[in-house]
Amino acid sequence: MKNKNISVLINIRLFIGSILILNLGLFSCEDFVDVDLPQDQITGEVVFKDNATVEAALGHIYAQLRETAFSNGRSSGVSYLMGHYADELDLNAIDLPNVQVYADNNVLPSDNTVKSFWDTGYAVIYEANRIIEGVGASSELLEADRERFMGEAKFIRGYVHFYLMNLFGPVPYITDTDYRINREVARMKVEEVYQYLIADLLEAKGSLPTGMVHPSKLRVDHWTVSALLARTYLYHGEWDRALSEANYVISGSGASLEADLDKVFLTESPETLWQLDVAMNGTNTYEGFTFIVNAPPPNSSLSTTLIAGFEIGDQRLSSWVGSVSDGSSTWYFPYKYKQGTNTEQTLERSIMVRLGEVYLIAAEAAARSGALSEALSRLNAIRSRAGLPVIASVDQGVVLEAIWDERQVELFTELGHRFFDLKRTGRVTEVLGALKPDWQNTDRLLPLPESELLINPNLEPQNEGY
Amino acid sequence: MKKLSFYVRRIGLFLLFYLLLCPFFPPEVRAGGYSIFQEEVTGKVLDDKGVPLAGVNIVVESSGRGTISDFDGSFAIVASPDDVLVFSMVGFRSLSMGVDGRDVVNVVMEEDVTVLGEVVLNAGYYTVSEKERTGSIVKVGAVAIEKQPVSNPLAALQGRVSGAEVVQTSGLPGTNFNIRIRGRNSIRATGNDPLYVVDGVPYSSSSLGEQQASLPIPGLGVSPLNAINPNDIESIEILKDADATAIYGSRGANGVVLITTKKGRAGDTRARFNIVTGMGSVARYMDLLGTSDFVAMRREAYGNDGIDPIPANAYDINGTWDVERYTDWQKTLFGRTSYMTNVQGSISGGSERTQFLVNGSFFDQTAVFPGDYGNTKVSGLANLSHRSSDGRFSMQLSTNFISERNDLPNGSSLVLEALLLPPNAPDLYDGNGELNWENSTWNNPLRNLESDYTSDATTLIGNAVFSYRMTEGLRFKANLGYTENHLTELRTVPSTIYNPAFGVGSEYSYAVHNTGGRTSWIVEPQLQWEHAFGALKLDVLGGMSFQEQYSDRVSQRATGFSSNSLLESLSAGADVAILADVDQRYRYHAVFGRLNLNLKGRYLLNLTGRRDGSSRFGPEKRFANFGAIGAAWLFSEERPFKGNLSFLSYGKLRGSYGTSGNDQIGDYQYLDTYSFGGSQYQNAPVLLPTRLFNPDFGWESNKKLEFGMELGFWEDRLLVSGNYYQNRSSNQLLGIPLPGTTGFSSINGNLDATVENKGWELELQSTNIRKGSFRWTTSFNLTLPKNRLVSFPDLVGSTYANQLVVGQPLNILKLYHSLGVDPETGIHQFEDFNGDGTISSNDDRQVIKDLNPKYYGGLSNTISLGKFQLDVLFQFSKQLGWNYWRDASIPGSRNNQPIEVLDRWREVGDMAGAQRFSIGQSIDPLIGHFNYQQSDAAVSDASYIRLKTLSLSYEVADKKNKGFGCEVFLRGQNLWTWTDYLGLDPETRSNQTVPPLRMVSIGTQLTF
């Protein structure tokens, strides 16, 4: 009897113990390991349901162009580095080996900036592709908004590829977000890149309405696309199309040349077709911070070649060029942007595309197709603003030379124009070879990043000479 | 006889009844229950020299009740006349003595040198004796840890544990140690960390630091492990094989490090004070060019490059700077003496049922940089153990609190700058005591000191274990744990780091603030059942684990200050940008069990298993099972050995096989998300894709096989053990590197590749001499690891094609093969493997160098003579490593160089070791130098033998005789290093950070 009681008690104890354990266990083993998303993240699907979040996703692309991509105004951007690589800037500092290799045209495949141009470029392209896919699949957005987002994203995709192609030559044109495809891509012929690029820009142009959607020019609109299309046609040698596209912008965009040289790079300049917003009110451009020199000797200064390129009387030499002297030597620096530090209100923003360039595109395209008087009228518009006498010549070669010279002094240290112009006009070795002891014809292209070839051998071969 | 058995049965029945009902009885009733049958037994415990032994544990075998011997060795305990008393104490052989009806039981305990049977190993969820373990577990006790003047507990493991490679990343106080237990299992470079468990609570080793703030700390920022005070540690156990780690399931693949803090011991209340002060300095500098050699090198470089005259910007040799001046920049910039102070006090004691320990300590170490930098740590540990009078209920509470402050200059680059600065560079200060910028001709290295990094970390580790014996052999146990970490970091970068000539004002100053926190709790209910079926002992454990870890971190960057004096105030900045605002939740659930069979103490079988679920994986891949089997055979107990081979006192064969996993991939990685990016556009926050996502990745699994043999000779005076292990990791979970064209650098996924780690481990312990008061013991360990990539489908077409080779270790380099300097041109030559006439990446990088150690280990000796004790530990590693050339600048540029460059090419026909000097502006020498950095010449022997620890102590007074104890000691760490390594240090193998310091300290320990 007693034993029975005991065993019952034991059983009860075991039972209670087991229940205790089971209780803990049953409190949802499966559910326990479900966790909520952190506050700072939302799922990709949700992003494309609402205009505000799509705008924010596009906002990051613009911010990347401002902060890290090739287009940034710091010493890691093309304005500065390719300025040294070409004949715009001289490097005075001795302890900047990462810039020195650009100044000496000795860039190696392991160069960090080369990798950064490449990686940040394709990172922006990925984000653009995500938007193109996400917006395309979204049923919540209005048709008009969808078109607008699609247009902006396609422009960005084209814009970045344009630069990658000009820096690296044959590059893959990426239109997909699937990493399984993108990790095995091979290089495309330059001609093929142009086809994709032009197709993207045409689609973007069609998607973005002609009305002024973004009066502040902080986002890409119809006219920005058209201007880049004109530039692309020019680079591609399609003179008629370049001309008509440029004329379309000049006549239709509502933008106009700013008569006062000192105001061309202000944020409200009527000439601007696209500028990047600053991160916070009161900050100005990275270009201003990078180029403006307060004390001698500056790390970098404008080259004597460039200074010599200004004709006598060119007011750009006084308005857009600054100088600093230690008493015996004088150094010149780009002074297009006047603000090197913060101001109460933001006065300047980095200008990506402006009408002055479009005038010179129109001039060159017209000259190439033989319409010399039209070419001269566009060219002289720019010259007159700079206080220079008009040119009147009937020789196509002379006019073209004049346009190219004009581009050098009008567009200097703006996003690599000089270097690209030397290349596309076939003068690069002639000009840089005479100035730079280590220049080789193969330096026309930067090397593909070594790490990229290590991981994706399909990108072989490396550019010649590396 | 009959009467006796009647008694036994009656007692048995009573006890059973009592066990069941006792919780319902008030204690007085229970206390009354015993005295009916039992009597008080008294006695005295002495050692073999007749000295009374205090603090000996005395337990009545049948009832489990116990007591502790008093100051004079006497004890009193209630026991029945036929009971057996078990006497035990660390350092002595356990002794069982039958009461046999006596009232007085006097015993003499023998000292035990090797105490093999007595060593109890913490295996996490259970404990096991060294003798009966089936798995691979190494223990490092407080005695070894305390002898080293270190602030990170991992430092104490160096050279002491076979199979664990412990590498110090920097000599800065507060920095990280990397530990790899039995090699690298994961192709991922990260995710090879072991699981750390402090007093039963998993402890995250990942830093809460913000990269932009913690730049000065090499590696991954302030290590949470540094927050654990080595003086608070009773033991560290390292679990290596499947048998030991499978019970940790998905987190055991890389081994488990169990840290147990000190606990109170019964006996007299005892106070202990420890004061240590020490000095340290960098033990090894590089031999760099002096001024005359440097200036000659520069002139020669300009000559070689055909640049004449010396240009205006070559300030070092064109007359701008004094070409006679010499500064030893290494000694100037990181050659200070580091002072260390460590004060510790503890009070412990308690009765047989309740014990406590309170321990407080203060640690301070200054850095070797000029200026006032260092690491300060204050810690407190308190714990309490209690057992109910009937021994059924017990609990243990432990709290550990650590507050740490780290103060460093912002420039970890100080070390690199010291190596590169021209020896004739200008003075640091001008006549007014201001930083000298020498008319903007140089960047004064002390600008780095204008910028500061401080971090404050607090850590709380709380742990409670409740245990209740439900019936005979069945015990319910709950392990509850809570940890909290907080870290605040501040890095200030004032505009004064720039040359004032640039006119940069405080609006360009910035400060990075980071505040991070992590809380974690764990609940682990467990049931344990022990039962003996005749000679077969059964030990069964089942339990569950619920864990949650939540971390959050906010980092901000403030800019636009009106004055540099306001830099530390976030609100003084005109603009504050959010760098990161993250929170992460990790949940983890498991069911685990263990079945241990022990037949006659000779045949042991151990089965463990675990089912795990982790929130780190997508819904389809969340749960997985792990398990292991371990077996051991104590063959020395068998008849053919026992008695016949008297010299063989102990022999065991053991083996294990099983699986464990790895989930160190980070939280939320399987989700497709966008995050707020910190930046702004058009006054609105922006969103960016967080990652490329893959919802289907799952566990990495690790299969471990091990065989081991342990032998003891001459009453265990010599103990030898050898292990062979073979671990294979498959279904590799990794961030598969991607080319930039994908928009990202990697994607998480499982790769059907297999990595194998196998090797031999040998451990040896011997008592060489034991004669009177002279004793000499030696222990030695050696590990011969081998790492190999076994398979990798489609390696050639994969993103790893140029990094890995099947059949080779993971940690390899593919390099150019250096052919020396061309006697014609003076440029480094390399083998053109593909014969295309140029040296180009991939095809010509065909030399494979293995950076894993060939072998490593340690040798320690302890010699005691009377009141003196000497401990010496040597640590060694045979390995290759990147040498100085990897990051060197081109010889001839305006950077200093090691003296090796003097053997350079000068004219046609020279057979030289270094290529011709060049300032770096002509392409051939530049390419030659670049390829050299990526060649087998930049990888060389980094083997070393290091006198890791030397400790000499003298016992001035001994507590037994004088009532108080006093010991004085002299200790050294990293005293000497034998190496041929070209660079600062063969262990850190970095020219960017301070090498491990040589520390010498003296101290006193008082015991009352």
# chains A, B, ... in the order shown; residues from 1 in each chain; ligands from 1

call {"tool": "interface_residues", "arguments": {"of": "chain B", "to": "chain A", "cutoff": "6 Å", "atoms": "only C-alpha atoms", "output": "compact mmCIF listing (two decimals) with N, CA and C atoms, in the first residue's frame"}}
result
# COMPACT_ATOMS: atom_id res chain seq x y z
N ALA B 501 48.31 76.31 -42.73
CA ALA B 501 48.45 77.10 -43.95
C ALA B 501 47.29 76.85 -44.90
N PHE B 502 46.61 75.71 -44.77
CA PHE B 502 45.47 75.45 -45.64
C PHE B 502 44.28 76.30 -45.25
N ASP B 583 19.20 48.07 -35.60
CA ASP B 583 18.87 47.18 -34.50
C ASP B 583 18.71 45.78 -35.06
N GLN B 584 19.13 44.83 -34.30
CA GLN B 584 19.10 43.46 -34.78
C GLN B 584 18.60 42.55 -33.68
N ARG B 587 17.18 35.23 -32.56
CA ARG B 587 16.57 34.27 -31.64
C ARG B 587 17.02 32.89 -32.00
N TYR B 588 17.05 32.11 -30.96
CA TYR B 588 17.67 30.82 -31.12
C TYR B 588 16.97 29.85 -30.19
N SER B 614 17.33 28.74 -35.79
CA SER B 614 17.95 30.05 -35.67
C SER B 614 17.24 31.03 -36.58
N SER B 615 17.03 32.23 -36.07
CA SER B 615 16.34 33.25 -36.87
C SER B 615 17.19 33.77 -38.00
N ASP B 672 15.21 40.27 -48.59
CA ASP B 672 15.41 41.32 -49.58
C ASP B 672 14.90 42.62 -48.97
N THR B 673 15.80 43.48 -48.59
CA THR B 673 15.34 44.72 -47.95
C THR B 673 16.06 45.95 -48.49
N TYR B 674 15.43 47.07 -48.24
CA TYR B 674 16.05 48.37 -48.45
C TYR B 674 16.30 48.98 -47.07
N SER B 675 17.38 49.70 -46.92
CA SER B 675 17.65 50.37 -45.64
C SER B 675 17.80 51.87 -45.86
N PHE B 676 17.61 52.60 -44.79
CA PHE B 676 17.88 54.03 -44.85
C PHE B 676 19.38 54.24 -44.81
N GLN B 680 21.26 62.15 -47.41
CA GLN B 680 20.02 62.84 -47.73
C GLN B 680 20.06 63.32 -49.16
N TYR B 681 18.90 63.42 -49.76
CA TYR B 681 18.79 64.08 -51.06
C TYR B 681 17.50 64.85 -51.08
N VAL B 686 17.31 58.84 -47.77
CA VAL B 686 17.31 58.01 -48.98
C VAL B 686 17.33 56.53 -48.61
N LEU B 687 16.89 55.72 -49.55
CA LEU B 687 16.80 54.28 -49.35
C LEU B 687 17.74 53.56 -50.30
N LEU B 688 18.44 52.58 -49.77
CA LEU B 688 19.31 51.81 -50.67
C LEU B 688 19.09 50.33 -50.47
N PRO B 739 31.94 39.94 -58.68
CA PRO B 739 32.59 41.06 -59.36
C PRO B 739 31.72 42.30 -59.21
N GLY B 740 32.35 43.47 -59.33
CA GLY B 740 31.65 44.73 -59.17
C GLY B 740 30.48 44.89 -60.13
N THR B 741 30.50 44.17 -61.23
CA THR B 741 29.43 44.31 -62.22
C THR B 741 28.08 43.90 -61.67
N THR B 742 28.07 43.19 -60.55
CA THR B 742 26.79 42.80 -59.97
C THR B 742 26.24 43.90 -59.08
N GLY B 743 27.05 44.92 -58.84
CA GLY B 743 26.61 46.01 -57.98
C GLY B 743 26.98 45.79 -56.52
N THR B 799 33.92 32.48 -58.98
CA THR B 799 34.56 33.71 -58.56
C THR B 799 35.81 33.45 -57.71
N ASN B 802 40.75 32.29 -58.95
CA ASN B 802 42.13 32.73 -58.80
C ASN B 802 42.57 32.87 -57.35

call {"tool": "select_by_dssp", "arguments": {"residues": "stretch 290-457 of chain A", "states": "strand (DSSP E)", "output": "PyMOL selection string"}}
result
chain A and resi 300-302+321-325+330-334+350-354

call {"tool": "residues_around", "arguments": {"residues": "B:Pro370", "least_positions_apart": "3", "cutoff": "9 Å", "atoms": "only C-alpha atoms", "output": "PyMOL selection string"}}
result
chain B and resi 332-336+367+373+446+449

call {"tool": "residues_around", "arguments": {"residues": "B:Val582", "least_positions_apart": "4", "cutoff": "12 Å", "atoms": "only C-alpha atoms", "output": "ChimeraX atom specification"}}
result
/A:37-41 /B:208,210,514-518,550-556,578,667-668,675-678

call {"tool": "residues_around", "arguments": {"residues": "stretch 257-274 of chain A", "least_positions_apart": "4", "cutoff": "7 Å", "atoms": "only C-alpha atoms", "output": "VMD selection string"}}
result
chain A and resid 217 to 220 223 to 224 319 336 to 337 347 to 349 351 to 356 385

call {"tool": "closest_residue", "arguments": {"among": "B:Thr260, B:Glu530, B:Ile181, B:Leu566", "to": "B:Asn463", "atoms": "only C-alpha atoms"}}
result
B:Thr260

call {"tool": "select_by_dssp", "arguments": {"residues": "stretch 589-792 of chain B", "states": "helix (DSSP H, G or I)", "output": "PyMOL selection string"}}
result
chain B and resi 619-621+635-637+740-742

call {"tool": "closest_residue", "arguments": {"among": "B:Val523, B:Thr659, B:Phe623, B:Gly50", "to": "B:Ile247", "atoms": "only C-alpha atoms"}}
result
B:Thr659

call {"tool": "residues_around", "arguments": {"residues": "B:Ala577", "least_positions_apart": "2", "cutoff": "8 Å", "atoms": "only C-alpha atoms", "output": "list in words"}}
result
Gln556, Arg557, Ala558, Asp575, Leu579, Gly678 and Ser679 of chain B

call {"tool": "atom_distance", "arguments": {"atom1": "atom CA of B:His513", "atom2": "atom CA of B:Thr492"}}
result
8.6 Å

call {"tool": "atom_distance", "arguments": {"atom1": "atom CA of B:Pro230", "atom2": "atom CA of B:Ser151"}}
result
6.4 Å

call {"tool": "closest_residue", "arguments": {"among": "A:Gln195, A:Asn51, A:Asn112, A:Ser76", "to": "A:Val135", "atoms": "only C-alpha atoms"}}
result
A:Asn51

call {"tool": "residues_around", "arguments": {"residues": "stretch 402-405 of chain A", "least_positions_apart": "5", "cutoff": "8 Å", "atoms": "only C-alpha atoms", "output": "number ranges by chain"}}
result
A: 309, 360, 363-364, 379, 421

call {"tool": "write_last_selection", "arguments": {"atoms": "N, CA and C atoms", "output": "short mmCIF file (atom, residue, chain, number, x, y, z; two decimals), in the first residue's frame"}}
result
data_model
loop_
_atom_site.label_atom_id
_atom_site.label_comp_id
_atom_site.auth_asym_id
_atom_site.auth_seq_id
_atom_site.Cartn_x
_atom_site.Cartn_y
_atom_site.Cartn_z
N GLY A 309 46.30 78.28 -72.79
CA GLY A 309 45.22 78.05 -73.75
C GLY A 309 44.20 79.18 -73.77
N LEU A 360 28.32 74.00 -77.50
CA LEU A 360 29.55 73.54 -78.17
C LEU A 360 29.31 72.21 -78.90
N ALA A 363 27.72 73.30 -82.04
CA ALA A 363 28.73 73.91 -82.91
C ALA A 363 29.54 72.84 -83.62
N GLU A 364 30.01 71.86 -82.84
CA GLU A 364 30.88 70.84 -83.43
C GLU A 364 30.13 69.96 -84.41
N LEU A 379 29.32 78.68 -81.53
CA LEU A 379 30.63 78.87 -80.90
C LEU A 379 30.78 80.30 -80.40
N ASP A 421 37.58 64.56 -74.81
CA ASP A 421 37.65 65.30 -76.08
C ASP A 421 38.93 64.94 -76.83
#

call {"tool": "atom_distance", "arguments": {"atom1": "atom CA of B:Leu258", "atom2": "atom CA of B:Glu237"}}
result
5.0 Å

call {"tool": "decode", "arguments": {"residues": "stretch 79-94 of chain A", "atoms": "N, CA and C atoms", "output": "compact mmCIF listing (two decimals), in the first residue's frame"}}
result
# COMPACT_ATOMS: atom_id res chain seq x y z
N SER A 79 36.71 64.67 -62.22
CA SER A 79 37.10 66.06 -62.48
C SER A 79 38.54 66.28 -62.04
N TYR A 80 38.86 65.78 -60.87
CA TYR A 80 40.20 65.98 -60.31
C TYR A 80 41.21 65.01 -60.93
N LEU A 81 40.90 63.73 -60.88
CA LEU A 81 41.90 62.74 -61.30
C LEU A 81 42.16 62.77 -62.80
N MET A 82 41.08 62.83 -63.61
CA MET A 82 41.30 62.83 -65.04
C MET A 82 41.83 64.19 -65.50
N GLY A 83 41.63 65.21 -64.68
CA GLY A 83 42.27 66.49 -64.93
C GLY A 83 43.79 66.36 -64.87
N HIS A 84 44.27 65.57 -63.91
CA HIS A 84 45.70 65.29 -63.83
C HIS A 84 46.15 64.35 -64.94
N TYR A 85 45.29 63.39 -65.21
CA TYR A 85 45.64 62.38 -66.21
C TYR A 85 45.83 63.04 -67.58
N ALA A 86 44.96 64.03 -67.86
CA ALA A 86 45.12 64.81 -69.10
C ALA A 86 46.06 65.97 -68.80
N ASP A 87 45.86 67.08 -69.44
CA ASP A 87 46.81 68.19 -69.30
C ASP A 87 46.18 69.39 -68.62
N GLU A 88 45.23 69.14 -67.70
CA GLU A 88 44.57 70.27 -67.07
C GLU A 88 45.22 70.66 -65.75
N LEU A 89 45.62 69.64 -64.98
CA LEU A 89 46.12 69.92 -63.64
C LEU A 89 47.55 69.40 -63.47
N ASP A 90 48.33 70.16 -62.70
CA ASP A 90 49.67 69.70 -62.30
C ASP A 90 49.62 69.32 -60.83
N LEU A 91 50.34 68.26 -60.53
CA LEU A 91 50.39 67.83 -59.13
C LEU A 91 51.67 68.38 -58.52
N ASN A 92 51.53 69.16 -57.47
CA ASN A 92 52.71 69.70 -56.80
C ASN A 92 53.09 68.91 -55.57
N ALA A 93 52.11 68.34 -54.92
CA ALA A 93 52.40 67.58 -53.69
C ALA A 93 53.19 66.33 -54.06
N ILE A 94 54.11 65.97 -53.19
CA ILE A 94 54.94 64.81 -53.49
C ILE A 94 54.42 63.58 -52.75
